[in-house]
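Visitor: Please find my_file-v7.cif (mmCIF, C-alpha atoms and all ligand atoms) on the next line:
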```cif
data_protein
#
loop_
_atom_site.label_atom_id
_atom_site.label_comp_id
_atom_site.auth_asym_id
_atom_site.auth_seq_id
_atom_site.Cartn_x
_atom_site.Cartn_y
_atom_site.Cartn_z
CA MET A 1 3.14 40.05 -4.15
CA SER A 2 5.34 38.68 -1.40
CA VAL A 3 6.24 34.98 -1.17
CA THR A 4 5.66 33.03 2.05
CA LYS A 5 8.02 30.08 1.67
CA GLY A 6 6.58 26.84 3.07
CA LEU A 7 3.28 28.71 3.67
CA ASP A 8 4.76 29.49 7.09
CA GLY A 9 2.05 31.16 9.21
CA VAL A 10 -0.47 31.26 6.34
CA LEU A 11 -4.03 30.25 7.26
CA VAL A 12 -5.54 28.22 4.42
CA THR A 13 -8.86 27.27 5.99
CA GLU A 14 -10.87 27.15 9.22
CA SER A 15 -11.30 23.85 11.02
CA ARG A 16 -13.19 22.70 14.10
CA LEU A 17 -10.96 19.64 14.45
CA SER A 18 -7.85 20.90 16.22
CA ARG A 19 -6.16 24.10 17.29
CA VAL A 20 -2.41 24.43 17.72
CA ASP A 21 -1.16 27.38 19.77
CA GLY A 22 2.55 27.30 19.14
CA LEU A 23 3.45 30.16 21.46
CA ALA A 24 1.42 28.99 24.46
CA GLY A 25 2.27 25.32 23.79
CA GLU A 26 -1.38 24.26 23.74
CA LEU A 27 -3.17 21.71 21.60
CA THR A 28 -6.97 21.47 21.51
CA ILE A 29 -8.60 18.47 19.83
CA GLY A 30 -12.35 18.68 19.16
CA GLY A 31 -12.67 21.28 21.92
CA PHE A 32 -10.72 19.29 24.54
CA PRO A 33 -7.27 20.23 25.80
CA LEU A 34 -4.93 17.42 24.75
CA GLU A 35 -4.17 16.61 28.40
CA GLU A 36 -7.89 16.04 29.01
CA LEU A 37 -8.61 13.92 25.95
CA ALA A 38 -5.57 11.79 25.18
CA PRO A 39 -5.12 9.87 28.47
CA ASN A 40 -8.87 9.31 28.99
CA ALA A 41 -10.42 8.49 25.60
CA THR A 42 -10.25 5.28 23.64
CA TYR A 43 -9.23 5.88 20.03
CA GLU A 44 -12.81 5.15 18.93
CA GLU A 45 -14.06 7.93 21.21
CA ALA A 46 -11.52 10.34 19.71
CA LEU A 47 -12.59 9.28 16.20
CA PHE A 48 -16.26 9.82 17.03
CA LEU A 49 -15.38 13.23 18.44
CA LEU A 50 -13.63 14.28 15.23
CA TRP A 51 -16.26 12.86 12.91
CA GLU A 52 -19.36 13.94 14.88
CA ASP A 53 -18.09 16.90 16.97
CA ARG A 54 -19.24 15.39 20.30
CA LEU A 55 -18.43 12.41 22.52
CA PRO A 56 -20.41 9.22 21.83
CA THR A 57 -22.96 7.72 24.21
CA GLY A 58 -22.29 4.17 25.38
CA SER A 59 -24.46 2.61 22.67
CA GLU A 60 -22.97 4.86 19.94
CA LEU A 61 -19.48 3.87 21.04
CA SER A 62 -20.18 0.15 20.96
CA ALA A 63 -21.89 0.54 17.56
CA LEU A 64 -18.76 2.29 16.20
CA GLN A 65 -16.48 -0.38 17.71
CA THR A 66 -18.55 -3.13 16.08
CA GLU A 67 -18.58 -1.31 12.75
CA LEU A 68 -14.80 -0.76 12.75
CA ALA A 69 -14.15 -4.35 13.82
CA ALA A 70 -16.23 -5.62 10.86
CA LEU A 71 -14.10 -3.58 8.43
CA ARG A 72 -10.64 -4.79 9.50
CA GLN A 73 -10.07 -7.66 7.06
CA LEU A 74 -7.86 -6.90 4.06
CA PRO A 75 -8.69 -7.78 0.46
CA GLY A 76 -6.62 -10.73 -0.85
CA PRO A 77 -4.62 -8.58 -3.33
CA THR A 78 -3.64 -6.22 -0.49
CA LEU A 79 -2.02 -9.12 1.34
CA GLU A 80 -0.35 -10.23 -1.90
CA ILE A 81 1.18 -6.74 -2.36
CA LEU A 82 2.38 -6.78 1.26
CA ARG A 83 3.99 -10.19 0.70
CA ALA A 84 5.74 -8.88 -2.43
CA ALA A 85 6.94 -5.82 -0.48
CA ALA A 86 8.24 -8.03 2.37
CA ALA A 87 10.10 -10.22 -0.14
CA LYS A 88 12.02 -7.07 -1.13
CA SER A 89 12.31 -5.89 2.53
CA LEU A 90 10.74 -2.55 1.61
CA PRO A 91 10.48 0.00 4.42
CA PRO A 92 7.11 -0.24 6.27
CA MET A 93 5.94 3.23 5.16
CA ASP A 94 6.39 2.23 1.51
CA ALA A 95 4.44 -0.98 2.12
CA LEU A 96 1.72 0.97 3.93
CA ARG A 97 1.43 3.38 1.01
CA MET A 98 1.20 0.52 -1.49
CA GLY A 99 -1.26 -1.41 0.68
CA ALA A 100 -3.49 1.61 1.33
CA ASP A 101 -3.71 2.21 -2.41
CA THR A 102 -5.30 -1.21 -2.92
CA LEU A 103 -8.14 -0.48 -0.47
CA THR A 104 -10.23 0.74 -3.41
CA LEU A 105 -10.67 -2.99 -4.06
CA ALA A 106 -12.65 -3.30 -0.80
CA ASP A 107 -14.76 -0.19 -1.46
CA PRO A 108 -18.40 -1.16 -2.12
CA ASP A 109 -18.78 1.58 -4.75
CA PRO A 110 -15.67 3.70 -5.47
CA ALA A 111 -17.71 6.05 -7.69
CA ASP A 112 -20.15 6.92 -4.89
CA SER A 113 -19.05 10.24 -3.39
CA SER A 114 -22.17 10.81 -1.28
CA PRO A 115 -21.67 11.88 2.37
CA VAL A 116 -22.87 8.44 3.57
CA ALA A 117 -20.40 6.65 1.30
CA ASN A 118 -17.55 8.92 2.45
CA GLN A 119 -18.36 8.37 6.14
CA GLY A 120 -18.29 4.60 5.54
CA ARG A 121 -15.03 4.97 3.62
CA ALA A 122 -13.45 6.91 6.51
CA LYS A 123 -14.24 4.03 8.90
CA ALA A 124 -12.97 1.39 6.47
CA ILE A 125 -9.69 3.24 5.88
CA VAL A 126 -9.04 3.78 9.61
CA ALA A 127 -9.83 0.13 10.39
CA ARG A 128 -7.69 -1.29 7.58
CA VAL A 129 -4.63 0.96 7.88
CA ALA A 130 -3.95 -0.65 11.29
CA THR A 131 -4.34 -4.13 9.76
CA ILE A 132 -1.96 -3.28 6.90
CA VAL A 133 0.75 -2.04 9.27
CA ALA A 134 0.46 -5.05 11.61
CA ALA A 135 0.31 -7.59 8.77
CA TYR A 136 3.31 -6.04 7.02
CA TRP A 137 5.38 -5.86 10.18
CA ARG A 138 4.90 -9.57 10.77
CA LEU A 139 5.63 -10.46 7.13
CA LEU A 140 8.75 -8.29 7.17
CA ASN A 141 9.92 -10.19 10.24
CA GLY A 142 9.24 -13.59 8.63
CA LYS A 143 6.17 -14.30 10.76
CA PRO A 144 2.69 -15.42 9.63
CA VAL A 145 0.00 -12.73 9.51
CA VAL A 146 -2.29 -12.65 12.55
CA GLY A 147 -5.85 -11.75 11.55
CA PRO A 148 -7.89 -9.15 13.46
CA ARG A 149 -9.99 -10.07 16.52
CA PRO A 150 -13.50 -8.54 16.36
CA ASP A 151 -13.95 -8.67 20.15
CA LEU A 152 -10.99 -6.31 20.79
CA HIS A 153 -11.16 -2.54 20.43
CA HIS A 154 -8.93 -0.71 17.96
CA ALA A 155 -5.74 -0.25 20.03
CA ALA A 156 -6.00 -3.67 21.69
CA ASN A 157 -6.55 -5.31 18.31
CA TYR A 158 -3.56 -3.52 16.75
CA LEU A 159 -1.30 -4.85 19.52
CA TYR A 160 -2.85 -8.32 19.13
CA MET A 161 -2.27 -8.37 15.36
CA LEU A 162 1.36 -7.32 15.88
CA ARG A 163 2.14 -9.80 18.65
CA GLY A 164 -0.29 -12.66 18.24
CA THR A 165 -1.11 -12.43 21.95
CA GLU A 166 -3.40 -10.13 23.89
CA ALA A 167 -1.77 -7.05 25.41
CA GLU A 168 -2.02 -5.96 29.04
CA ALA A 169 -4.60 -3.27 29.88
CA ASP A 170 -1.90 -0.67 30.69
CA GLU A 171 -0.22 -1.27 27.33
CA VAL A 172 -3.53 -0.75 25.51
CA ARG A 173 -4.03 2.44 27.55
CA GLY A 174 -0.52 3.62 26.59
CA LEU A 175 -1.21 3.03 22.90
CA ASP A 176 -4.64 4.72 23.05
CA THR A 177 -2.97 7.74 24.68
CA TYR A 178 -0.35 7.86 21.94
CA ILE A 179 -2.70 7.51 18.96
CA ASN A 180 -5.09 10.04 20.50
CA SER A 181 -2.18 12.47 20.96
CA VAL A 182 -1.32 12.38 17.27
CA ILE A 183 -4.81 11.96 15.78
CA ASP A 184 -4.96 15.53 14.49
CA HIS A 185 -2.67 18.54 14.57
CA GLY A 186 -3.83 21.55 12.60
CA MET A 187 -2.56 22.04 9.08
CA ASN A 188 0.48 19.78 9.31
CA ASN A 189 2.08 18.69 6.03
CA SER A 190 0.34 15.31 5.63
CA THR A 191 -3.07 16.77 6.53
CA PHE A 192 -2.53 19.60 4.07
CA THR A 193 -1.52 17.06 1.43
CA ALA A 194 -4.74 15.10 2.02
CA ARG A 195 -6.81 18.29 1.80
CA VAL A 196 -5.03 19.44 -1.37
CA ILE A 197 -5.78 16.12 -3.07
CA ILE A 198 -9.45 15.88 -2.03
CA SER A 199 -10.00 19.55 -2.94
CA THR A 200 -9.74 18.61 -6.63
CA GLY A 201 -12.79 16.35 -6.27
CA SER A 202 -10.53 13.27 -6.02
CA ASP A 203 -11.33 10.38 -3.65
CA MET A 204 -10.55 9.75 0.02
CA ILE A 205 -8.20 6.81 -0.64
CA SER A 206 -6.07 8.94 -2.99
CA ALA A 207 -5.95 11.64 -0.31
CA VAL A 208 -4.83 9.19 2.40
CA VAL A 209 -2.23 7.59 0.13
CA GLY A 210 -0.74 11.06 -0.53
CA ALA A 211 -0.78 11.83 3.19
CA ILE A 212 1.13 8.61 3.94
CA GLY A 213 3.80 9.70 1.44
CA SER A 214 4.08 13.05 3.22
CA LEU A 215 4.23 11.57 6.72
CA LYS A 216 7.15 9.32 5.71
CA GLY A 217 9.61 12.24 5.44
CA PRO A 218 12.08 12.79 8.30
CA LEU A 219 11.03 16.42 8.71
CA HIS A 220 7.49 15.23 9.52
CA GLY A 221 6.71 11.71 10.81
CA GLY A 222 10.02 10.02 10.15
CA ALA A 223 11.90 11.44 13.15
CA PRO A 224 11.06 9.23 16.17
CA GLY A 225 13.15 6.25 15.06
CA PRO A 226 16.29 8.37 14.53
CA ALA A 227 15.60 10.24 17.81
CA LEU A 228 15.76 7.02 19.83
CA ASP A 229 18.65 5.67 17.75
CA MET A 230 20.53 8.84 18.76
CA VAL A 231 20.06 8.02 22.47
CA PHE A 232 21.23 4.43 21.90
CA GLU A 233 24.25 5.63 19.92
CA LEU A 234 25.21 8.15 22.63
CA ARG A 235 25.01 5.43 25.30
CA LYS A 236 27.31 3.27 23.18
CA ARG A 237 29.78 6.13 22.75
CA ALA A 238 29.76 6.87 26.49
CA ALA A 239 30.39 3.19 27.31
CA ALA A 240 33.29 3.07 24.82
CA SER A 241 34.92 6.38 25.80
CA GLY A 242 34.35 6.26 29.56
CA LYS A 243 32.99 9.81 29.32
CA SER A 244 29.57 10.75 30.67
CA LEU A 245 26.44 10.45 28.54
CA GLU A 246 25.99 14.21 28.88
CA ALA A 247 29.51 14.89 27.55
CA GLU A 248 28.93 12.61 24.55
CA ALA A 249 25.53 14.27 23.92
CA GLU A 250 27.08 17.72 24.00
CA ALA A 251 29.85 16.74 21.57
CA TYR A 252 27.30 15.12 19.25
CA VAL A 253 25.02 18.18 19.14
CA ARG A 254 27.93 20.52 18.49
CA GLN A 255 29.37 18.34 15.71
CA THR A 256 25.98 17.76 14.07
CA VAL A 257 24.93 21.41 14.11
CA ASP A 258 28.41 22.58 13.01
CA ALA A 259 28.11 20.24 10.02
CA GLY A 260 24.71 21.75 9.16
CA GLY A 261 22.75 18.74 10.45
CA ARG A 262 19.65 18.59 12.66
CA ILE A 263 18.93 16.87 15.93
CA MET A 264 15.93 14.61 15.43
CA GLY A 265 13.03 15.12 17.85
CA PHE A 266 13.74 18.84 18.36
CA GLY A 267 12.30 21.94 16.69
CA HIS A 268 8.88 22.51 15.21
CA ARG A 269 7.39 24.79 12.55
CA VAL A 270 4.61 25.95 14.90
CA TYR A 271 5.70 25.22 18.51
CA LYS A 272 8.34 27.63 19.74
CA VAL A 273 7.86 26.32 23.28
CA ARG A 274 7.67 22.73 24.45
CA ASP A 275 5.25 20.60 22.35
CA PRO A 276 2.34 19.78 24.74
CA ARG A 277 2.28 16.23 23.39
CA ALA A 278 5.77 15.67 24.81
CA ASP A 279 4.51 15.83 28.41
CA VAL A 280 1.43 13.68 27.80
CA LEU A 281 3.57 11.07 26.11
CA GLY A 282 6.37 11.35 28.66
CA ALA A 283 3.85 10.50 31.40
CA ALA A 284 2.45 7.59 29.33
CA ALA A 285 5.97 6.27 28.72
CA GLU A 286 6.85 6.29 32.42
CA LYS A 287 3.84 4.09 33.18
CA LEU A 288 5.04 1.55 30.64
CA PHE A 289 8.66 1.48 31.76
CA LYS A 290 8.79 -1.20 34.43
CA LYS A 291 11.95 -3.14 33.63
CA ALA A 292 15.23 -1.81 35.09
CA GLY A 293 16.76 -1.40 31.60
CA ASP A 294 13.82 0.66 30.40
CA ILE A 295 13.77 2.84 33.50
CA GLN A 296 17.44 3.58 32.84
CA LEU A 297 16.70 4.33 29.16
CA ASN A 298 14.02 6.80 30.21
CA LYS A 299 16.50 8.52 32.56
CA ASP A 300 19.16 8.60 29.85
CA ALA A 301 16.74 10.01 27.27
CA ARG A 302 15.74 12.80 29.63
CA ALA A 303 19.41 13.56 30.36
CA VAL A 304 20.17 13.72 26.63
CA GLU A 305 17.09 15.94 26.11
CA GLN A 306 18.36 18.49 28.66
CA VAL A 307 21.79 18.68 27.00
CA VAL A 308 20.29 19.02 23.50
CA LEU A 309 17.98 21.84 24.66
CA ARG A 310 20.83 23.71 26.33
CA VAL A 311 23.29 23.38 23.45
CA LEU A 312 20.68 24.17 20.75
CA GLU A 313 19.76 27.34 22.66
CA GLU A 314 23.44 28.29 22.69
CA LEU A 315 24.14 27.42 19.03
CA LYS A 316 20.80 28.59 17.58
CA PRO A 317 19.68 31.32 19.96
CA GLY A 318 16.17 32.70 19.54
CA ARG A 319 14.99 29.89 17.21
CA GLY A 320 12.85 28.34 19.97
CA LEU A 321 14.08 24.79 19.31
CA LYS A 322 12.29 22.64 21.88
CA THR A 323 11.52 18.94 22.28
CA ASN A 324 8.86 17.85 19.78
CA VAL A 325 6.34 15.00 19.81
CA GLU A 326 8.73 12.60 18.13
CA PHE A 327 11.20 12.36 20.98
CA TYR A 328 8.59 11.10 23.45
CA THR A 329 6.77 9.09 20.80
CA ALA A 330 9.96 7.09 20.61
CA LEU A 331 9.89 6.41 24.36
CA VAL A 332 6.20 5.39 24.47
CA LEU A 333 6.54 3.08 21.51
CA HIS A 334 9.75 1.59 22.89
CA GLY A 335 7.82 1.02 26.14
CA LEU A 336 5.33 -1.03 24.10
CA GLY A 337 8.21 -3.15 22.84
CA PHE A 338 8.09 -1.68 19.30
CA GLU A 339 11.22 -1.56 17.18
CA THR A 340 12.12 1.79 15.62
CA GLY A 341 10.97 0.69 12.14
CA LEU A 342 7.40 0.49 13.46
CA PHE A 343 7.33 4.04 14.88
CA THR A 344 6.31 6.07 11.81
CA PRO A 345 3.72 3.53 10.59
CA THR A 346 2.16 3.59 14.08
CA PHE A 347 2.05 7.39 13.84
CA ALA A 348 0.03 6.82 10.63
CA VAL A 349 -2.30 4.40 12.47
CA GLY A 350 -3.17 7.32 14.77
CA ARG A 351 -3.08 10.23 12.29
CA VAL A 352 -5.30 8.48 9.72
CA GLY A 353 -8.35 9.35 11.86
CA GLY A 354 -7.48 13.04 11.55
CA TRP A 355 -6.80 12.74 7.80
CA THR A 356 -10.27 11.29 7.18
CA ALA A 357 -11.98 13.96 9.34
CA GLN A 358 -10.03 16.73 7.59
CA VAL A 359 -10.91 15.26 4.19
CA LEU A 360 -14.62 15.25 5.15
CA GLU A 361 -14.27 18.90 6.23
CA GLN A 362 -12.55 19.81 2.95
CA ILE A 363 -15.27 18.06 0.92
CA ALA A 364 -17.85 20.19 2.77
CA GLU A 365 -15.78 23.31 2.13
CA ALA A 366 -15.82 22.52 -1.61
CA HIS A 367 -13.02 24.89 -2.57
CA LEU A 368 -10.07 23.95 -4.78
CA ILE A 369 -6.71 24.58 -3.06
CA ARG A 370 -4.47 26.21 -5.61
CA PRO A 371 -1.88 28.68 -4.31
CA GLY A 372 0.23 30.80 -6.62
CA SER A 373 3.99 31.08 -7.15
CA GLY A 374 6.22 33.97 -8.11
CA TYR A 375 8.07 33.64 -11.44
CA ARG A 376 11.84 34.20 -11.53
CA GLY A 377 12.66 32.79 -14.96
CA GLU A 378 13.33 34.73 -18.14
CA LEU A 379 10.69 36.30 -20.37
CA ASN A 380 10.17 36.71 -24.12
CA ARG A 381 12.80 34.19 -25.24
CA LYS A 382 13.09 33.68 -29.01
CA TRP A 383 13.03 30.18 -30.49
CA VAL A 384 16.53 29.07 -31.67
CA PRO A 385 16.70 26.38 -34.39
CA MET A 386 18.69 23.29 -33.35
CA GLU A 387 21.70 23.97 -35.63
CA GLN A 388 22.18 27.45 -34.15
CA ARG A 389 22.15 26.42 -30.47
CA SER A 390 25.40 26.56 -28.50
CA GLY A 391 26.09 23.92 -25.83
CA ASN A 392 26.86 26.66 -23.38
CA ARG A 393 23.41 26.88 -21.90
CA LYS A 394 22.56 28.94 -18.88
CA ARG A 395 20.71 26.87 -16.24
N1 LIG A 401 18.47 20.71 15.09
C1 LIG A 401 19.33 21.72 14.81
N2 LIG A 401 18.97 22.88 14.25
C2 LIG A 401 17.68 23.04 13.93
C3 LIG A 401 16.72 22.05 14.19
C4 LIG A 401 17.16 20.84 14.80
N3 LIG A 401 16.30 19.85 15.06
N4 LIG A 401 15.52 22.47 13.78
C5 LIG A 401 15.71 23.69 13.27
N5 LIG A 401 17.02 24.04 13.36
C6 LIG A 401 17.61 25.31 12.98
C7 LIG A 401 17.77 25.43 11.47
O1 LIG A 401 19.00 24.91 11.03
C8 LIG A 401 17.64 26.92 11.28
O2 LIG A 401 18.86 27.51 11.63
P1 LIG A 401 19.31 28.91 10.93
O3 LIG A 401 18.32 29.92 11.38
O4 LIG A 401 20.70 29.13 11.46
O5 LIG A 401 19.27 28.67 9.45
C9 LIG A 401 16.63 27.33 12.34
O6 LIG A 401 16.73 26.35 13.36
C10 LIG A 401 15.19 27.36 11.83
O7 LIG A 401 14.95 26.16 11.13
P2 LIG A 401 13.85 26.00 10.02
O8 LIG A 401 14.15 24.81 9.17
O9 LIG A 401 13.62 27.29 9.29
O10 LIG A 401 12.58 25.76 10.91
P3 LIG A 401 11.29 25.00 10.49
O11 LIG A 401 10.22 25.58 11.27
O12 LIG A 401 11.13 24.98 9.01
O13 LIG A 401 11.66 23.50 10.93
C11 LIG A 401 11.45 21.25 11.53
C12 LIG A 401 10.82 22.66 11.62
C13 LIG A 401 11.49 20.83 10.05
C14 LIG A 401 10.60 20.26 12.30
C15 LIG A 401 12.90 21.30 12.09
O14 LIG A 401 12.87 21.81 13.42
C16 LIG A 401 13.60 19.97 12.05
O15 LIG A 401 14.17 19.62 11.00
N6 LIG A 401 13.60 19.17 13.17
C17 LIG A 401 14.24 17.87 13.20
C18 LIG A 401 13.32 16.81 12.57
C19 LIG A 401 12.11 16.49 13.47
O16 LIG A 401 12.22 16.32 14.66
N7 LIG A 401 10.94 16.37 12.79
C20 LIG A 401 9.66 16.08 13.45
C21 LIG A 401 8.80 17.31 13.56
S1 LIG A 401 7.36 17.01 14.50
C22 LIG A 401 6.25 16.40 13.41
O17 LIG A 401 6.21 16.69 12.24
C23 LIG A 401 5.23 15.41 13.87
#
```
Would you mind writing the file out in structure tokens?

Guide:
Amino acid sequence: MSVTKGLDGVLVTESRLSRVDGLAGELTIGGFPLEELAPNATYEEALFLLWEDRLPTGSELSALQTELAALRQLPGPTLEILRAAAAKSLPPMDALRMGADTLTLADPDPADSSPVANQGRAKAIVARVATIVAAYWRLLNGKPVVGPRPDLHHAANYLYMLRGTEAEADEVRGLDTYINSVIDHGMNNSTFTARVIISTGSDMISAVVGAIGSLKGPLHGGAPGPALDMVFELRKRAAASGKSLEAEAEAYVRQTVDAGGRIMGFGHRVYKVRDPRADVLGAAAEKLFKKAGDIQLNKDARAVEQVVLRVLEELKPGRGLKTNVEFYTALVLHGLGFETGLFTPTFAVGRVGGWTAQVLEQIAEAHLIRPGSGYRGELNRKWVPMEQRSGNRKR
């Protein structure tokens, strides 16, 4: 049997939730091209689409908004854990993982695995993950927690809980576009993790907690912060050296790749052409960038992007290393005034909708995920008593 490392190109299931065409650079979510869905839908509409496989009517949408709004409050012990995490300045993804784990405390009946209970659980998890991230961000920054506002829809409420003031309509639109863009994306690592966990007959909260752990890694959801930090660092270097930003970018890419490193925000396991989310998010970012400094940052980021693409093609020809979602995520979230530490947790605020829908699909599929592995160890070893063992062991 041959081994497919990383399950590269292996299909493990069929899903109606999203389709990623890595060669054409197309993403379909619930039947809609990304470009059609992300800039038009509210996050609640995208959630309804994933959960119910159709767009909601007006009354169904307001019912879902009301239901989610009623589920936003956190149990007391969740807030206590977040306070303890903030006292140790833990990274936000660690605090989110710890906080999400405690949501079992708010579950009306954790032992109930009926479809109705799981649909309710999906809503509660989506509603409360946003509250955990916002509450923790404020605690981490020494600010009092701002409770959720039931009259605001999901994206508007997330911005409100982070800032303590209501956001402008175009900012809410920008955030909706971002969280819709990342809501689901085929069998990515965190989604697979969630499906692996639920496939054992475990519970949805365990599956989401595992997915958060997966998303945290820099090869998955942890890249947007470092991608923007790279642009800031290159601007600093250009200012100090008097060289152009492009020259500094070129030197940086060459040095990093020569040393075996990777340029954050570039390359993708599936996309070998430009990630379609990059353009949707690039357009959303431009609408948010109104201040002169931000307009310049946008220009600089695009200049750096062009250099990275050119030099990666030269140094790694044929690998198809193109701009991925993380690079433009960084610009949109910067346009919303977010600091880099909030980027990956906000990715989770969007992706959690997809995790819950994928978990519901896996429950319906009812098939344990259990791949095999080839064995390359020794066979038929003979037991050696302790006094006869030499210290010269082969590893
Ligand atoms: N910079 C430099 N070289 C790269 C990069 C990069 N960003 N990405 C891949 N390569 C090179 C590898 O070194 C390798 O070179 P080699 O053939 O000489 O050994 C070749 O391209 C193929 O790389 P793989 O690791 O086999 O490709 P894979 O499909 O496994 O990697 C990944 C995908 C992990 C995303 C990778 O491109 C990467 O590390 N990118 C940077 C981190 C990043 O932006 N992550 C976010 C991904 S998007 C998301 O998950 C939401």

Visitor: So what do you get for CA of His334 in chain A versus CA of Gly22 in chain A, distance-wise?

Guide: 27.0 Å

Visitor: What does the distance between CA of Thr340 in chain A and CA of Leu139 in chain A come to in Å, to one decimal place?

Guide: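 It comes out at 16.3 Å.
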
Visitor: What residues of the protein or nucleic acid chains come within 6 Å of ligand LIG 401 (chain A) when you use only C-alpha atoms and all ligand atoms? Reply as a count of residues only.

Guide: 18

Visitor: Rounded to one decimal in Å, what is the spacing between CA of Leu17 in chain A and CA of Gly30 in chain A?

Guide: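 Separation of CA of Leu17 in chain A and CA of Gly30 in chain A: 5.0 Å.
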
Visitor: Residues at most 10 Å from Gly76 in chain A, counting all atoms listed in the file, excluding those fewer than 6 positions away in the same chain, as a VMD selection string?

Guide: chain A and resid 102 105 to 106

Visitor: Neighbouring residues of range 228-239 of chain A were defined as those with any atom within 7 Å, considering only C-alpha atoms; residues of the same chain fewer than 2 positions away were excluded. Please report them as number ranges by chain.

Guide: A: 224-226, 241-245, 248-249, 301, 330

Visitor: Can you tell me, as an MDAnalysis selection string, which residues sit within 9 Å of (-3.6, 8.9, 10.7) in the file's frame, using all atoms listed in the file?

Guide: chainID A and resid 126 129 179 182:184 191 208 211:212 346:356

Visitor: Using all atoms listed in the file, pick whichever of A:Glu378, A:Glu339, A:Glu14, A:Glu365 has the shortest atom-to-atom distance to Gly186 in chain A.

Guide: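 Under the stated criterion, the closest residue is A:Glu14.
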
Visitor: Taking only C-alpha atoms into account, name the residue in A:Val308, A:Ala63, A:Val116, A:Leu140 that is nearest to Ser89 in chain A.

Guide: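 Closest to Ser89 in chain A, using only C-alpha atoms: A:Leu140.
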
Visitor: With distances taken over all atoms listed in the file, which of A:Ala85, A:Leu360, A:Val196, A:Val10 is nearest to Gly120 in chain A?

Guide: A:Leu360

Visitor: Counting only C-alpha atoms, note down every residue that has an atom within 12 Å of the point (21.6, 22.6, 25.8) (file coordinates), as a PyMOL selection string.

Guide: chain A and resi 246-247+249-254+263+266+303-317+320-323

Visitor: Show which residues sit within 12 Å of Arg149 in chain A, as a ChimeraX atom specification. Count only C-alpha atoms, and ignore same-chain residues fewer than 2 positions away.

Guide: /A:65-66,68-73,127,131,146-147,151-162,164-166

Visitor: Can range 108-120 of chain A be brought up to N, CA and C atoms and written out as a PDB file, in the coordinates of the input?

Guide:
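Wrote selection06.pdb, looks like this:
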```
ATOM      1  N   PRO A 108     -17.184  -0.634  -1.485  1.00  0.00           N
ATOM      2  CA  PRO A 108     -18.400  -1.160  -2.120  1.00  0.00           C
ATOM      3  C   PRO A 108     -18.768  -0.442  -3.418  1.00  0.00           C
ATOM      4  N   ASP A 109     -18.468   0.855  -3.513  1.00  0.00           N
ATOM      5  CA  ASP A 109     -18.780   1.580  -4.750  1.00  0.00           C
ATOM      6  C   ASP A 109     -17.849   2.801  -4.853  1.00  0.00           C
ATOM      7  N   PRO A 110     -16.648   2.598  -5.434  1.00  0.00           N
ATOM      8  CA  PRO A 110     -15.670   3.700  -5.470  1.00  0.00           C
ATOM      9  C   PRO A 110     -16.201   4.972  -6.126  1.00  0.00           C
ATOM     10  N   ALA A 111     -17.208   4.851  -6.989  1.00  0.00           N
ATOM     11  CA  ALA A 111     -17.710   6.050  -7.690  1.00  0.00           C
ATOM     12  C   ALA A 111     -18.705   6.838  -6.843  1.00  0.00           C
ATOM     13  N   ASP A 112     -19.136   6.253  -5.729  1.00  0.00           N
ATOM     14  CA  ASP A 112     -20.150   6.920  -4.890  1.00  0.00           C
ATOM     15  C   ASP A 112     -19.464   7.943  -3.975  1.00  0.00           C
ATOM     16  N   SER A 113     -19.695   9.211  -4.227  1.00  0.00           N
ATOM     17  CA  SER A 113     -19.050  10.240  -3.390  1.00  0.00           C
ATOM     18  C   SER A 113     -20.072  10.934  -2.487  1.00  0.00           C
ATOM     19  N   SER A 114     -21.158  10.241  -2.173  1.00  0.00           N
ATOM     20  CA  SER A 114     -22.170  10.810  -1.280  1.00  0.00           C
ATOM     21  C   SER A 114     -21.601  10.908   0.137  1.00  0.00           C
ATOM     22  N   PRO A 115     -22.163  11.784   0.984  1.00  0.00           N
ATOM     23  CA  PRO A 115     -21.670  11.880   2.370  1.00  0.00           C
ATOM     24  C   PRO A 115     -21.714  10.530   3.097  1.00  0.00           C
ATOM     25  N   VAL A 116     -22.774   9.749   2.882  1.00  0.00           N
ATOM     26  CA  VAL A 116     -22.870   8.440   3.570  1.00  0.00           C
ATOM     27  C   VAL A 116     -21.721   7.535   3.128  1.00  0.00           C
ATOM     28  N   ALA A 117     -21.479   7.512   1.804  1.00  0.00           N
ATOM     29  CA  ALA A 117     -20.400   6.650   1.300  1.00  0.00           C
ATOM     30  C   ALA A 117     -19.053   7.114   1.860  1.00  0.00           C
ATOM     31  N   ASN A 118     -18.830   8.421   1.941  1.00  0.00           N
ATOM     32  CA  ASN A 118     -17.550   8.920   2.450  1.00  0.00           C
ATOM     33  C   ASN A 118     -17.366   8.652   3.939  1.00  0.00           C
ATOM     34  N   GLN A 119     -18.479   8.705   4.704  1.00  0.00           N
ATOM     35  CA  GLN A 119     -18.360   8.370   6.140  1.00  0.00           C
ATOM     36  C   GLN A 119     -17.990   6.891   6.308  1.00  0.00           C
ATOM     37  N   GLY A 120     -18.624   6.033   5.487  1.00  0.00           N
ATOM     38  CA  GLY A 120     -18.290   4.600   5.540  1.00  0.00           C
ATOM     39  C   GLY A 120     -16.851   4.358   5.136  1.00  0.00           C
TER      40      GLY A 120
END
```
